[in-house]
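Peer 1: As input, take my_file.cif (mmCIF, C-alpha atoms):
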data_target
#
loop_
_atom_site.label_atom_id
_atom_site.label_comp_id
_atom_site.auth_asym_id
_atom_site.auth_seq_id
_atom_site.Cartn_x
_atom_site.Cartn_y
_atom_site.Cartn_z
CA MET A 247 71.91 -92.25 -160.71
CA LYS A 248 72.46 -89.17 -158.61
CA ASN A 249 74.37 -89.29 -155.37
CA THR A 250 71.98 -89.46 -152.40
CA GLN A 251 74.48 -87.81 -150.09
CA PRO A 252 74.36 -84.00 -149.95
CA SER A 253 77.49 -82.23 -151.06
CA SER A 254 79.75 -80.60 -148.51
CA THR A 255 78.69 -77.17 -149.75
CA SER A 256 75.09 -77.89 -148.70
CA SER A 257 75.98 -77.91 -145.01
CA VAL A 258 77.90 -74.67 -145.43
CA SER A 259 74.87 -73.02 -147.01
CA VAL A 260 72.76 -73.97 -144.02
CA VAL A 261 75.05 -72.06 -141.71
CA ALA A 262 75.28 -69.06 -144.01
CA ALA A 263 71.60 -68.74 -144.89
CA ASN A 264 69.18 -66.37 -143.20
CA GLY A 265 66.35 -67.50 -140.94
CA THR A 266 66.10 -69.95 -138.06
CA LEU A 267 68.02 -73.21 -137.95
CA ALA A 268 64.84 -75.04 -138.93
CA ASP A 269 64.40 -72.65 -141.87
CA ARG A 270 67.92 -73.35 -143.04
CA VAL A 271 67.76 -77.13 -142.69
CA THR A 272 64.34 -77.23 -144.38
CA GLY A 273 65.59 -75.07 -147.24
CA THR A 274 68.66 -77.22 -147.85
CA LEU A 275 66.73 -80.51 -147.78
CA TYR A 276 64.01 -78.98 -149.95
CA GLU A 277 66.54 -78.05 -152.63
CA GLN A 278 68.24 -81.45 -152.44
CA ILE A 279 64.92 -83.23 -152.97
CA ARG A 280 63.87 -80.91 -155.80
CA GLN A 281 67.23 -81.33 -157.51
CA GLY A 282 66.99 -85.12 -157.33
CA ASP A 283 69.71 -85.73 -154.75
CA PHE A 284 67.10 -87.90 -153.02
CA ALA A 285 65.13 -89.95 -155.55
CA PRO A 286 61.39 -90.69 -155.13
CA GLY A 287 61.00 -93.69 -152.86
CA ALA A 288 64.47 -93.23 -151.35
CA ARG A 289 64.81 -93.36 -147.61
CA MET A 290 65.84 -90.08 -146.02
CA PRO A 291 68.82 -90.14 -143.65
CA SER A 292 67.90 -90.98 -140.07
CA GLU A 293 67.27 -88.31 -137.46
CA ASN A 294 70.67 -89.04 -135.92
CA GLU A 295 72.40 -88.74 -139.29
CA LEU A 296 70.76 -85.42 -140.06
CA THR A 297 71.51 -84.11 -136.58
CA GLU A 298 75.19 -84.92 -137.10
CA ARG A 299 75.26 -83.63 -140.68
CA PHE A 300 73.73 -80.25 -139.91
CA GLN A 301 75.13 -79.95 -136.38
CA VAL A 302 71.74 -79.03 -134.92
CA SER A 303 69.40 -80.51 -132.33
CA ARG A 304 66.87 -83.26 -132.93
CA THR A 305 64.11 -80.73 -132.37
CA VAL A 306 65.34 -78.72 -135.36
CA ILE A 307 65.51 -81.83 -137.55
CA ARG A 308 62.02 -82.93 -136.52
CA GLU A 309 60.61 -79.51 -137.34
CA ALA A 310 62.32 -79.52 -140.74
CA ILE A 311 61.00 -83.00 -141.59
CA SER A 312 57.53 -81.95 -140.43
CA ARG A 313 57.60 -79.01 -142.83
CA LEU A 314 58.72 -81.24 -145.71
CA LYS A 315 55.84 -83.59 -144.90
CA SER A 316 53.38 -80.71 -144.98
CA GLU A 317 54.67 -79.82 -148.44
CA GLY A 318 54.08 -83.36 -149.67
CA LEU A 319 57.78 -83.94 -150.33
CA VAL A 320 58.34 -86.72 -147.81
CA GLY A 321 56.18 -89.14 -145.89
CA SER A 322 56.40 -91.90 -143.30
CA ARG A 323 56.46 -95.54 -144.41
CA ARG A 324 56.32 -98.43 -141.97
CA GLY A 325 59.64 -100.20 -141.82
CA SER A 326 61.40 -97.54 -143.91
CA GLY A 327 61.11 -94.40 -141.81
CA THR A 328 60.86 -91.16 -143.77
CA VAL A 329 60.91 -91.55 -147.54
CA VAL A 330 60.82 -89.14 -150.47
CA LEU A 331 57.44 -89.02 -152.20
CA ALA A 332 56.92 -88.97 -155.93
CA PRO A 333 56.17 -85.53 -157.44
CA ASN A 334 52.54 -84.46 -157.15
CA ASN A 335 51.86 -87.30 -154.71
CA ALA A 336 50.04 -84.84 -152.49
CA THR A 337 48.76 -81.31 -152.74
CA PRO A 338 50.25 -79.33 -149.85
CA PHE A 339 48.20 -77.03 -147.69
CA ARG A 340 49.64 -73.53 -147.88
CA LEU A 341 49.41 -70.86 -145.25
CA ASP A 342 50.12 -67.26 -146.21
CA ILE A 343 49.64 -64.45 -143.71
CA ASP A 344 49.80 -61.94 -146.58
CA VAL A 345 49.77 -58.69 -144.59
CA ARG A 346 52.22 -55.82 -144.64
CA ASP A 347 51.40 -54.69 -141.10
CA SER A 348 53.69 -56.68 -138.79
CA ILE A 349 51.46 -56.03 -135.76
CA GLN A 350 48.51 -57.55 -137.62
CA ALA A 351 50.68 -60.53 -138.58
CA VAL A 352 51.31 -61.34 -134.93
CA LEU A 353 47.67 -60.78 -133.97
CA ARG A 354 46.45 -63.06 -136.75
CA VAL A 355 48.62 -65.90 -135.51
CA ILE A 356 47.34 -65.33 -131.97
CA GLU A 357 43.75 -65.42 -133.26
CA LEU A 358 44.49 -68.69 -135.03
CA ARG A 359 45.97 -70.13 -131.87
CA ARG A 360 43.03 -69.10 -129.70
CA GLY A 361 40.65 -71.86 -130.69
CA ILE A 362 43.38 -74.45 -131.05
CA GLU A 363 44.94 -73.81 -127.65
CA GLY A 364 41.59 -73.60 -125.85
CA GLU A 365 40.23 -76.97 -126.99
CA MET A 366 43.64 -78.60 -126.78
CA ALA A 367 43.99 -77.61 -123.12
CA ALA A 368 40.45 -78.79 -122.35
CA LEU A 369 41.11 -82.21 -123.88
CA ALA A 370 44.45 -82.43 -122.08
CA ALA A 371 42.66 -81.85 -118.76
CA GLN A 372 40.34 -84.75 -119.54
CA ARG A 373 42.85 -87.18 -121.02
CA ARG A 374 46.35 -86.49 -119.76
CA THR A 375 48.32 -89.25 -118.08
CA LYS A 376 50.45 -88.73 -115.00
CA ALA A 377 53.59 -88.89 -117.13
CA GLN A 378 52.24 -86.28 -119.55
CA ASN A 379 51.25 -84.07 -116.65
CA ARG A 380 54.82 -84.26 -115.36
CA ARG A 381 56.12 -83.28 -118.81
CA ILE A 382 53.86 -80.23 -118.85
CA ARG A 383 55.14 -79.24 -115.41
CA GLN A 384 58.74 -79.82 -116.49
CA ALA A 385 58.18 -77.67 -119.58
CA LEU A 386 57.17 -74.80 -117.29
CA LYS A 387 60.40 -75.19 -115.32
CA ASP A 388 62.39 -75.29 -118.55
CA ILE A 389 61.00 -71.89 -119.56
CA ASP A 390 62.20 -70.39 -116.27
CA LYS A 391 65.60 -72.03 -116.65
CA ALA A 392 65.97 -70.64 -120.16
CA VAL A 393 65.15 -67.12 -118.99
CA LEU A 394 67.57 -67.35 -116.06
CA ALA A 395 70.26 -68.52 -118.49
CA GLY A 396 69.69 -65.41 -120.61
CA ARG A 397 67.91 -67.18 -123.47
CA ASP A 398 64.62 -66.01 -124.98
CA GLY A 399 62.75 -69.17 -123.98
CA VAL A 400 60.99 -69.44 -127.35
CA ALA A 401 61.76 -73.14 -127.89
CA GLU A 402 60.81 -73.92 -124.30
CA ASP A 403 57.58 -71.93 -124.57
CA PHE A 404 56.65 -73.81 -127.74
CA ALA A 405 57.58 -77.12 -126.04
CA PHE A 406 55.12 -76.30 -123.22
CA HIS A 407 52.25 -75.98 -125.68
CA ALA A 408 53.47 -79.05 -127.60
CA ALA A 409 53.39 -81.06 -124.37
CA ILE A 410 49.76 -80.02 -123.91
CA SER A 411 48.97 -81.11 -127.48
CA GLU A 412 50.36 -84.57 -126.75
CA ALA A 413 48.31 -84.78 -123.54
CA ALA A 414 45.16 -84.08 -125.57
CA HIS A 415 45.56 -87.56 -127.11
CA ASN A 416 44.53 -86.35 -130.54
CA PRO A 417 47.53 -86.62 -132.90
CA LEU A 418 45.95 -84.08 -135.25
CA TYR A 419 46.62 -81.32 -132.72
CA THR A 420 50.28 -82.28 -132.51
CA SER A 421 50.56 -82.47 -136.31
CA LEU A 422 48.87 -79.09 -136.67
CA LEU A 423 51.23 -77.50 -134.16
CA GLN A 424 54.20 -78.96 -136.03
CA PHE A 425 52.88 -77.62 -139.32
CA LEU A 426 52.32 -74.18 -137.79
CA SER A 427 55.55 -74.25 -135.82
CA GLN A 428 57.39 -71.66 -137.92
CA PHE A 429 54.51 -69.22 -137.46
CA LEU A 430 53.91 -70.02 -133.79
CA GLN A 431 57.56 -69.78 -132.80
CA ALA A 432 57.94 -66.51 -134.70
CA ALA A 433 54.89 -65.07 -132.91
CA ILE A 434 56.10 -66.42 -129.56
CA ARG A 435 59.49 -64.80 -130.20
CA VAL A 436 57.86 -61.41 -130.78
CA ALA A 437 55.74 -61.78 -127.65
CA ARG A 438 58.62 -62.89 -125.44
CA ILE A 439 60.88 -60.05 -126.61
CA ASN A 440 58.08 -57.65 -125.70
CA GLU A 441 57.37 -59.32 -122.36
CA ALA A 442 61.04 -59.42 -121.37
CA ARG A 443 61.10 -55.61 -121.43
CA ARG A 444 58.54 -55.37 -118.62
CA GLU A 445 58.60 -57.33 -115.38
CA ASP A 446 54.82 -57.12 -115.04
CA PHE A 447 54.37 -58.68 -118.49
CA SER A 448 56.84 -61.46 -117.70
CA GLN A 449 55.04 -62.26 -114.45
CA GLN A 450 51.67 -62.25 -116.19
CA VAL A 451 52.87 -64.83 -118.70
CA ARG A 452 54.31 -67.04 -115.96
CA ASN A 453 51.01 -66.87 -114.08
CA GLU A 454 49.00 -67.63 -117.21
CA HIS A 455 51.12 -70.65 -118.08
CA ALA A 456 50.88 -71.86 -114.48
CA GLY A 457 47.10 -71.43 -114.59
CA ILE A 458 46.80 -73.59 -117.68
CA ALA A 459 49.04 -76.28 -116.17
CA GLN A 460 47.12 -76.24 -112.89
CA ALA A 461 43.74 -76.64 -114.59
CA ILE A 462 45.10 -79.58 -116.59
CA ASP A 463 46.55 -81.05 -113.40
CA ASP A 464 43.15 -80.67 -111.72
CA GLY A 465 41.39 -82.37 -114.63
CA ASP A 466 39.13 -79.32 -115.05
CA ALA A 467 38.42 -79.01 -118.78
CA ASP A 468 36.38 -75.80 -118.51
CA ALA A 469 39.04 -74.08 -116.42
CA ALA A 470 41.82 -75.26 -118.76
CA ARG A 471 39.97 -73.94 -121.79
CA ALA A 472 39.30 -70.62 -120.08
CA ALA A 473 42.92 -70.30 -118.94
CA ALA A 474 44.26 -70.99 -122.45
CA LEU A 475 41.85 -68.51 -124.03
CA ARG A 476 42.75 -65.90 -121.42
CA HIS A 477 46.45 -66.45 -122.19
CA MET A 478 45.83 -65.84 -125.90
CA GLU A 479 43.68 -62.76 -125.29
CA ASN A 480 46.22 -61.28 -122.90
CA SER A 481 49.03 -62.04 -125.37
CA ALA A 482 47.20 -59.96 -127.98
CA GLN A 483 46.68 -57.13 -125.51
CA ARG A 484 50.35 -57.10 -124.56
CA ILE A 485 51.35 -56.88 -128.23
CA GLN A 486 48.90 -54.01 -128.78
CA ALA A 487 50.29 -52.23 -125.72
CA ALA A 488 53.88 -52.37 -127.00
CA ASP A 489 55.41 -48.92 -127.40
CA THR A 490 57.24 -47.35 -130.34
CA ALA A 491 60.62 -48.34 -128.91
CA PHE A 492 59.66 -52.01 -129.04
CA TRP A 493 58.62 -51.89 -132.70
CA ALA A 494 61.88 -50.12 -133.53
CA SER A 495 63.88 -52.82 -131.73
CA GLU A 496 64.56 -56.50 -132.32
CA GLY A 497 60.91 -57.19 -131.52
CA GLY A 498 59.81 -55.17 -134.50
CA LYS A 499 62.30 -56.95 -136.75
CA ALA A 500 60.97 -60.34 -135.60
CA ALA A 501 57.40 -59.22 -136.27
CA ARG A 502 58.30 -58.06 -139.77
CA ARG A 503 59.92 -61.42 -140.50
CA LEU A 504 56.70 -63.09 -139.39
CA ALA A 505 54.66 -60.87 -141.71
CA GLU A 506 56.83 -62.03 -144.61
CA THR A 507 56.61 -65.74 -143.73
CA ARG A 508 55.11 -68.08 -146.29
CA GLY A 509 54.16 -71.52 -145.04
CA GLU A 510 53.54 -74.71 -147.00
#
Could the structure of this file be written out as structure tokens, please?
Peer 2:
Amino acid sequence: MKNTQPSSTSSVSVVAANGTLADRVTGTLYEQIRQGDFAPGARMPSENELTERFQVSRTVIREAISRLKSEGLVGSRRGSGTVVLAPNNATPFRLDIDVRDSIQAVLRVIELRRGIEGEMAALAAQRRTKAQNRRIRQALKDIDKAVLAGRDGVAEDFAFHAAISEAAHNPLYTSLLQFLSQFLQAAIRVARINEARREDFSQQVRNEHAGIAQAIDDGDADAARAAALRHMENSAQRIQAADTAFWASEGGKAARRLAETRGE
């Protein structure tokens, strides 16, 4: 029987590989499962164990496990946690942007988000609890803190929208966001790089996020939906308004990586 513990070289490959931390962890676990290091029916290491093994945050581990679930490689079992599924146990849904134009790649993700974010915000306005409302407000503050600390705020931006998905009280929205996370975070990264170059863009985004949060706080579903849709539409306009210098910079590189992303 094969050893269920990854070899020491696996962790090294995670650090050396290209892509985000979640990409690297997912890739390593994917290969270990495919190679039989984790047998069908075997329990995956706990979140704490994986966090320690890969030296990454719990958020990264959760995203990696979510991607493996979407591929039909692992699943949740009551009393056992996350277990490896037998081959062909499920047919994974695959998402392929399949465009060479990096601008169009970003815009397609924004279009996809438009309907999701609008209805999610409307439901959150109707169903959110006081505690969930506080988490949405805290997520806004976390974005500002990240920017002040010199970080790009991508994880915090995504966490803001994830908090809204939880407040919608429909777990399918949260699952969908987790499945799309690699695409959404890549698109958010492109947008935030662009917005950071212009103070007016940065302020617009802050105001749009605040508008969504306020409508949810007020319990106004129509206003929340409208605010979320406006945020998506304005995001697309800001991307389209980006100049040549932006597309030649790190923003352009991030957009090209998005255009090459293949999701399963």
Peer 1: Rounded to one decimal, what separation in Å do you get between atom CA of Leu267 of chain A and atom CA of Thr328 of chain A?
Peer 2: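 Atom CA of Thr328 of chain A lies 20.2 Å from atom CA of Leu267 of chain A.
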Peer 1: Pick from A:Glu479, A:Asp446, A:Gln460, A:Val436: nearest to Glu363 of chain A, with only C-alpha atoms counted?
Peer 2: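 Checking each of A:Glu479, A:Asp446, A:Gln460, A:Val436 against Glu363 of chain A, counting only C-alpha atoms, the winner is A:Glu479.
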Peer 1: Taking the file above as input, evaluate the PyMOL selection byres ((chain A and resi 318-321) around 6) and report the hits as JSON, numbers by chain.
Peer 2: {"A": [314, 315, 316, 317, 322, 328, 329, 330, 331, 336, 338]}
Peer 1: One decimal, in Å: what's the spacing between atom CA of Ala370 of chain A and atom CA of Asp464 of chain A?
Peer 2: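 Rounded to one decimal, the two atoms are 10.6 Å apart.
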Peer 1: A:Ala332, A:Ile382, A:Val393, A:Ala437: which is nearest Ala456 of chain A, counting all atoms listed in the file?
Peer 2: A:Ile382
Peer 1: At what distance in Å, to one decimal, does atom CA of Arg289 of chain A lie from atom CA of Ala401 of chain A?
Peer 2: 28.4 Å
Peer 1: Using all atoms listed in the file, pick whichever of A:Arg359, A:Arg270, A:Arg299, A:Arg323 has the shortest atom-to-atom distance to Ala482 of chain A.
Peer 2: A:Arg359
Peer 1: Can you tell me which residues surround Thr375 of chain A at a distance of at most 12 Å, considering all atoms listed in the file, apart from same-chain residues fewer than 6 positions away, and format the answer as an MDAnalysis selection string?
Peer 2: chainID A and resid 369 381:382 409:410 412:415 462:465
Peer 1: Please list as a list in words every residue within 9 Å of Ala461 of chain A, counting only C-alpha atoms and excluding residues in the same chain fewer than 6 positions away.
Peer 2: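 Counting only C-alpha atoms, the residues come to Ala367, Ala368, Ala371, Ala467, Asp468, Ala469, Ala470, Arg471 and Ala473 of chain A.
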Peer 1: Taking only C-alpha atoms into account, name the residue in A:Ala433, A:Gly361, A:Ile439, A:Pro333 that is nearest to Gly287 of chain A.
Peer 2: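 Between A:Ala433, A:Gly361, A:Ile439, A:Pro333, the residue approaching Gly287 of chain A most closely is A:Pro333.
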Peer 1: Can you give me, as a ChimeraX atom specification, the residues this file yields under the PyMOL selection byres ((chain A and resi 423-429) around 7)?
Peer 2: /A:309,312-313,316,419-422,430-433,504
Peer 1: Ranking A:Arg397, A:Met366, A:Arg324, A:Glu402 by minimum distance to Pro417 of chain A and counting all atoms listed in the file, which one comes first?
Peer 2: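 Using all atoms listed in the file, Pro417 of chain A sits closest to A:Met366.
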Peer 1: Taking (41.7, -64.4, -120.9) in the file's coordinates, which residues come within 12 Å, counting only C-alpha atoms, written as a list of chain:residue names?
Peer 2: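 The distance filter leaves exactly A:Arg360, A:Gly364, A:Gln450, A:Val451, A:Asn453, A:Glu454, A:His455, A:Gly457, A:Ile458, A:Ala469, A:Ala470, A:Arg471, A:Ala472, A:Ala473, A:Ala474, A:Leu475, A:Arg476, A:His477, A:Met478, A:Glu479, A:Asn480, A:Ser481, A:Ala482, A:Gln483, A:Arg484.
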Peer 1: Write out as lines of an AutoDock Vina configuration file an axis-aligned box for segment 374-384 of chain A: all of its atoms listed in the file, 8 Å added on each side, centre and edge lengths in Å with one decimal.
Peer 2:
center_x = 52.5
center_y = -84.2
center_z = -117.4
size_x = 28.4
size_y = 26.0
size_z = 20.8
